[in-house]
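Colleague: Provided below: structure_39.cif, containing mmCIF, C-alpha atoms and all ligand atoms.
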data_query
#
loop_
_atom_site.label_atom_id
_atom_site.label_comp_id
_atom_site.auth_asym_id
_atom_site.auth_seq_id
_atom_site.Cartn_x
_atom_site.Cartn_y
_atom_site.Cartn_z
CA MET U 1 0.65 13.08 21.21
CA THR U 2 -2.96 13.81 21.97
CA GLU U 3 -5.41 11.10 21.13
CA ILE U 4 -6.68 11.15 17.55
CA ARG U 5 -10.37 10.48 17.09
CA PRO U 6 -11.14 9.78 13.41
CA GLY U 7 -14.09 11.77 12.14
CA ASP U 8 -15.47 13.62 9.13
CA GLY U 9 -12.92 13.95 6.37
CA ASP U 10 -10.74 11.10 7.62
CA ALA U 11 -10.11 7.96 5.58
CA LEU U 12 -8.18 4.76 6.19
CA ILE U 13 -6.21 3.29 3.29
CA ILE U 14 -5.28 -0.36 3.87
CA VAL U 15 -2.53 -1.29 1.46
CA ASP U 16 -2.02 -4.78 0.00
CA VAL U 17 -2.75 -7.06 2.99
CA GLN U 18 -2.68 -10.03 0.62
CA ASN U 19 -1.55 -13.64 0.91
CA ASP U 20 1.51 -13.22 -1.30
CA PHE U 21 2.87 -10.52 1.03
CA CYS U 22 2.27 -12.58 4.18
CA ALA U 23 3.89 -15.70 5.62
CA GLY U 24 4.22 -18.43 3.00
CA GLY U 25 3.47 -16.03 0.16
CA ALA U 26 5.47 -15.50 -3.02
CA LEU U 27 6.83 -12.15 -1.81
CA ALA U 28 6.41 -12.45 1.94
CA VAL U 29 7.13 -9.29 3.91
CA PRO U 30 8.91 -10.17 7.20
CA ASP U 31 6.30 -10.33 9.97
CA GLY U 32 3.69 -9.09 7.49
CA ASP U 33 0.89 -11.04 9.17
CA ALA U 34 1.36 -8.91 12.29
CA VAL U 35 -0.53 -6.01 10.72
CA VAL U 36 -3.75 -8.00 10.35
CA PRO U 37 -5.07 -7.82 13.95
CA ILE U 38 -4.11 -4.15 14.17
CA VAL U 39 -5.95 -3.27 10.97
CA ASN U 40 -8.96 -5.30 12.11
CA ARG U 41 -9.01 -3.39 15.39
CA ILE U 42 -8.77 0.15 14.02
CA ALA U 43 -10.68 0.01 10.71
CA GLY U 44 -14.15 0.39 12.22
CA ALA U 45 -13.26 3.84 13.55
CA PHE U 46 -13.15 5.30 10.04
CA ASP U 47 -16.20 6.41 8.06
CA ILE U 48 -14.21 5.93 4.86
CA ALA U 49 -12.13 2.77 4.48
CA VAL U 50 -10.41 1.67 1.29
CA LEU U 51 -8.56 -1.57 0.58
CA THR U 52 -5.90 -1.82 -2.10
CA GLN U 53 -4.96 -5.00 -3.89
CA ASP U 54 -1.84 -5.60 -5.96
CA TRP U 55 -3.28 -7.22 -9.08
CA HIS U 56 -0.94 -8.26 -11.89
CA THR U 57 -1.32 -9.95 -15.24
CA PRO U 58 0.69 -13.16 -15.75
CA GLY U 59 4.04 -12.18 -17.29
CA HIS U 60 3.86 -8.73 -15.72
CA ALA U 61 6.72 -6.30 -16.40
CA SER U 62 7.60 -6.20 -12.67
CA PHE U 63 8.31 -9.95 -12.55
CA ALA U 64 11.93 -11.10 -12.81
CA SER U 65 10.79 -14.22 -14.67
CA THR U 66 9.35 -12.08 -17.46
CA HIS U 67 12.82 -10.76 -18.25
CA GLY U 68 14.80 -13.95 -17.53
CA ARG U 69 16.35 -12.22 -14.53
CA GLU U 70 16.68 -12.91 -10.81
CA PRO U 71 14.31 -11.42 -8.24
CA PHE U 72 15.46 -8.16 -6.60
CA GLU U 73 17.65 -7.17 -9.55
CA THR U 74 16.68 -3.91 -11.21
CA ILE U 75 15.93 -3.15 -14.84
CA GLU U 76 15.31 0.04 -16.81
CA LEU U 77 11.78 0.26 -18.19
CA ALA U 78 10.28 3.10 -20.23
CA TYR U 79 9.18 4.89 -17.04
CA GLY U 80 12.39 4.38 -15.07
CA THR U 81 14.15 1.88 -12.83
CA GLN U 82 12.05 -1.10 -11.83
CA VAL U 83 12.89 -3.57 -9.06
CA LEU U 84 12.19 -7.07 -10.32
CA TRP U 85 10.08 -9.23 -8.02
CA PRO U 86 9.17 -12.87 -7.80
CA ASP U 87 5.87 -13.56 -9.57
CA HIS U 88 3.22 -12.35 -7.12
CA CYS U 89 -0.39 -11.26 -6.83
CA ILE U 90 -1.47 -12.63 -10.19
CA MET U 91 -5.05 -11.51 -10.76
CA GLY U 92 -7.58 -14.00 -9.47
CA SER U 93 -5.00 -16.23 -7.76
CA ASP U 94 -5.01 -17.28 -4.09
CA GLY U 95 -1.85 -15.24 -3.62
CA ALA U 96 -3.67 -12.11 -4.71
CA ALA U 97 -6.53 -12.72 -2.26
CA PHE U 98 -6.71 -10.76 0.97
CA HIS U 99 -5.25 -12.41 4.09
CA PRO U 100 -7.96 -14.81 5.30
CA GLU U 101 -8.03 -13.22 8.75
CA LEU U 102 -8.36 -9.65 7.45
CA GLN U 103 -11.78 -8.50 8.54
CA VAL U 104 -12.78 -5.05 7.36
CA PRO U 105 -16.46 -5.42 6.55
CA THR U 106 -16.87 -1.64 6.61
CA ALA U 107 -14.47 -1.09 3.67
CA GLN U 108 -16.30 0.50 0.77
CA LEU U 109 -13.82 0.38 -2.08
CA VAL U 110 -11.17 -2.01 -3.34
CA VAL U 111 -8.57 -0.41 -5.58
CA ARG U 112 -6.78 -2.91 -7.79
CA LYS U 113 -3.46 -1.72 -9.12
CA GLY U 114 -0.69 -2.97 -11.36
CA PHE U 115 -3.07 -4.54 -13.86
CA HIS U 116 -1.49 -2.96 -16.92
CA PRO U 117 1.00 -5.60 -18.17
CA GLY U 118 3.78 -3.09 -18.79
CA ILE U 119 3.45 -0.78 -15.76
CA ASP U 120 3.95 -1.55 -12.09
CA SER U 121 2.00 0.36 -9.45
CA TYR U 122 3.25 0.58 -5.89
CA SER U 123 1.11 3.64 -5.31
CA ALA U 124 -2.65 3.38 -4.92
CA PHE U 125 -2.98 6.77 -6.66
CA LEU U 126 -0.66 6.74 -9.68
CA GLU U 127 0.96 3.89 -11.54
CA ALA U 128 4.75 3.73 -11.70
CA ASP U 129 4.86 5.92 -14.82
CA HIS U 130 3.72 8.71 -12.44
CA GLU U 131 0.99 9.58 -14.96
CA THR U 132 -1.70 6.90 -15.09
CA PRO U 133 -4.26 7.48 -12.34
CA THR U 134 -6.03 4.66 -10.54
CA GLY U 135 -9.06 6.83 -9.79
CA LEU U 136 -8.51 6.86 -6.02
CA THR U 137 -7.84 10.60 -5.85
CA GLY U 138 -11.21 11.41 -7.39
CA TYR U 139 -13.00 8.89 -5.20
CA LEU U 140 -11.55 10.31 -1.99
CA ARG U 141 -12.20 13.92 -3.02
CA GLU U 142 -15.81 13.14 -3.90
CA ARG U 143 -16.23 11.43 -0.53
CA GLY U 144 -14.88 14.53 1.19
CA ALA U 145 -11.70 12.98 2.52
CA LYS U 146 -9.05 15.45 3.65
CA ARG U 147 -6.81 13.44 5.99
CA LEU U 148 -5.63 9.95 5.10
CA PHE U 149 -4.34 7.29 7.48
CA VAL U 150 -2.24 4.71 5.63
CA CYS U 151 -1.30 1.21 6.80
CA GLY U 152 -0.43 -2.22 5.38
CA LEU U 153 2.36 -3.74 3.29
CA ALA U 154 5.05 -2.86 2.63
CA THR U 155 6.18 0.34 4.33
CA ASP U 156 9.04 1.03 1.92
CA PHE U 157 7.18 0.31 -1.31
CA CYS U 158 3.40 0.34 -1.68
CA VAL U 159 2.61 2.06 1.64
CA GLY U 160 5.35 4.66 1.15
CA TRP U 161 4.55 5.44 -2.48
CA THR U 162 0.86 5.65 -1.63
CA ALA U 163 1.53 8.04 1.26
CA MET U 164 3.84 10.23 -0.84
CA ASP U 165 1.44 10.44 -3.78
CA ALA U 166 -1.36 11.29 -1.35
CA ARG U 167 0.69 14.28 -0.16
CA ARG U 168 1.33 15.32 -3.76
CA MET U 169 -2.45 15.17 -4.32
CA GLY U 170 -2.92 17.57 -1.43
CA PHE U 171 -4.15 15.28 1.33
CA GLU U 172 -2.88 15.38 4.88
CA VAL U 173 -1.24 12.00 5.46
CA LEU U 174 -0.39 9.95 8.54
CA VAL U 175 1.22 6.52 8.32
CA ILE U 176 0.26 4.18 11.16
CA ALA U 177 3.73 2.76 11.73
CA ASP U 178 2.92 -0.31 13.80
CA ALA U 179 0.23 -1.29 11.29
CA CYS U 180 2.89 -1.60 8.56
CA ARG U 181 5.80 -3.91 7.88
CA ALA U 182 8.72 -3.38 5.49
CA ILE U 183 10.71 -5.37 2.93
CA ASP U 184 13.84 -3.25 3.58
CA LEU U 185 15.82 -3.99 0.43
CA ASN U 186 19.25 -2.27 0.38
CA GLY U 187 18.25 0.45 2.81
CA SER U 188 14.88 1.06 1.20
CA LEU U 189 13.10 1.52 4.52
CA ASP U 190 15.30 4.41 5.70
CA GLU U 191 15.11 5.93 2.24
CA ALA U 192 11.32 5.71 2.18
CA TRP U 193 10.93 7.31 5.61
CA GLY U 194 13.34 10.07 4.57
CA GLU U 195 11.32 10.87 1.48
CA MET U 196 8.01 10.60 3.31
CA THR U 197 9.20 12.98 6.02
CA ARG U 198 10.47 15.44 3.43
CA LEU U 199 7.04 15.47 1.79
CA GLY U 200 5.31 16.07 5.11
CA VAL U 201 3.94 12.58 5.77
CA GLY U 202 3.37 12.18 9.49
CA GLN U 203 3.80 9.06 11.57
CA ILE U 204 1.60 7.77 14.38
CA MET U 205 1.07 4.49 16.22
CA SER U 206 -2.25 2.69 16.30
CA GLY U 207 -2.40 3.39 20.03
CA ASP U 208 -2.63 7.11 19.23
CA LEU U 209 -6.10 6.49 17.82
CA ALA U 210 -8.98 6.77 20.24
CA ALA U 211 -10.29 3.37 21.28
CA THR U 212 -13.48 2.44 19.48
ZN ZN U 301 3.30 -6.07 -7.31
#
Using structure tokens, write down the structure that the file contains.
Modeller:
Amino acid sequence: MTEIRPGDGDALIIVDVQNDFCAGGALAVPDGDAVVPIVNRIAGAFDIAVLTQDWHTPGHASFASTHGREPFETIELAYGTQVLWPDHCIMGSDGAAFHPELQVPTAQLVVRKGFHPGIDSYSAFLEADHETPTGLTGYLRERGAKRLFVCGLATDFCVGWTAMDARRMGFEVLVIADACRAIDLNGSLDEAWGEMTRLGVGQIMSGDLAAT
């Protein structure tokens, strides 16, 4: 692949690099911390950089404990099947804070998602009811973004859903594969890549980006 030099119309979306998804966190993604130095290295190359933050109410509908169930079981909610997670990323908690070594001083927007008690939101664009917008689409369009580079945690949930919704919103989308890590629950990683590919989401490595 020829070297990609981010420029006008390019934006970096850094998904959920938060303590609860990293080592020692409530919902730790295997090797999740490994994305931090990569994100720190590449973020400065982008004129537009956005951070997302999973941000739940206590007793959120996506928590197993809310339903008296075990984590990683599924349940049917009004908007469809929901995987039940350990309590994580409760708004204002240390677990919801960004990884302490994440350094993206150039980021201009933090999108908090999943704050409605009854609706989860893997995607940074639309909540899990596939209807309620977060506002990110409008922000990126107003900033002139056309091509989005997506990285962070986890590949098969929040990164994947974000990338797929970005395609549905009409953006060109590239996932930076080595700047992501997956949960891989019952084949969810293969499934996510299959769906992303079908929707036209591309895949690059951070080394494909021009050194800054
Ligand atoms: Zn969550």
Colleague: Residues within 9 Å of (5.7, -15.9, -14.2), file coordinates, counting all atoms listed in the file: what are they? Give the list as a VMD selection string.
Modeller: chain U and resid 58 to 60 63 to 66 86 to 88 90
Colleague: Please provide as a PyMOL selection string all residues within 10 Å of Gly80 (chain U), with the sequence filter that same-chain residues fewer than 5 positions apart are discarded (counting all atoms listed in the file).
Modeller: chain U and resi 75+128-129
Colleague: At a cut-off of 6 Å, using all atoms listed in the file, what residues contact Gly9 (chain U)? Leave out same-chain residues fewer than 3 positions from it and give the result as a PDB file with C-alpha atoms, in the coordinates of the input.
Modeller:
ATOM      1  CA  GLY U 144     -14.880  14.530   1.190  1.00  0.00           C
ATOM      2  CA  ALA U 145     -11.700  12.980   2.520  1.00  0.00           C
ATOM      3  CA  LYS U 146      -9.050  15.450   3.650  1.00  0.00           C
TER       4      LYS U 146
END
Colleague: Find the residues near Pro37 (chain U): any atom within 9 Å, counting all atoms listed in the file, skip ones fewer than 2 places away on the same chain, and give them as a JSON list (two decimals) with C-alpha atoms, keeping the file's coordinate frame.
Modeller:
[["chain", "number", "residue", "atom", "x", "y", "z"],
["U", 33, "ASP", "CA", 0.89, -11.04, 9.17],
["U", 34, "ALA", "CA", 1.36, -8.91, 12.29],
["U", 35, "VAL", "CA", -0.53, -6.01, 10.72],
["U", 39, "VAL", "CA", -5.95, -3.27, 10.97],
["U", 40, "ASN", "CA", -8.96, -5.30, 12.11],
["U", 41, "ARG", "CA", -9.01, -3.39, 15.39],
["U", 42, "ILE", "CA", -8.77, 0.15, 14.02],
["U", 101, "GLU", "CA", -8.03, -13.22, 8.75],
["U", 102, "LEU", "CA", -8.36, -9.65, 7.45],
["U", 103, "GLN", "CA", -11.78, -8.50, 8.54],
["U", 179, "ALA", "CA", 0.23, -1.29, 11.29]]
Colleague: So how many Å separate CA of Ala154 (chain U) and CA of Tyr79 (chain U), to one decimal?
Modeller: 21.5 Å
Colleague: For CA of Asp156 (chain U) and CA of Ser188 (chain U), quote the distance in Å rounded to one decimal.
Modeller: 5.9 Å
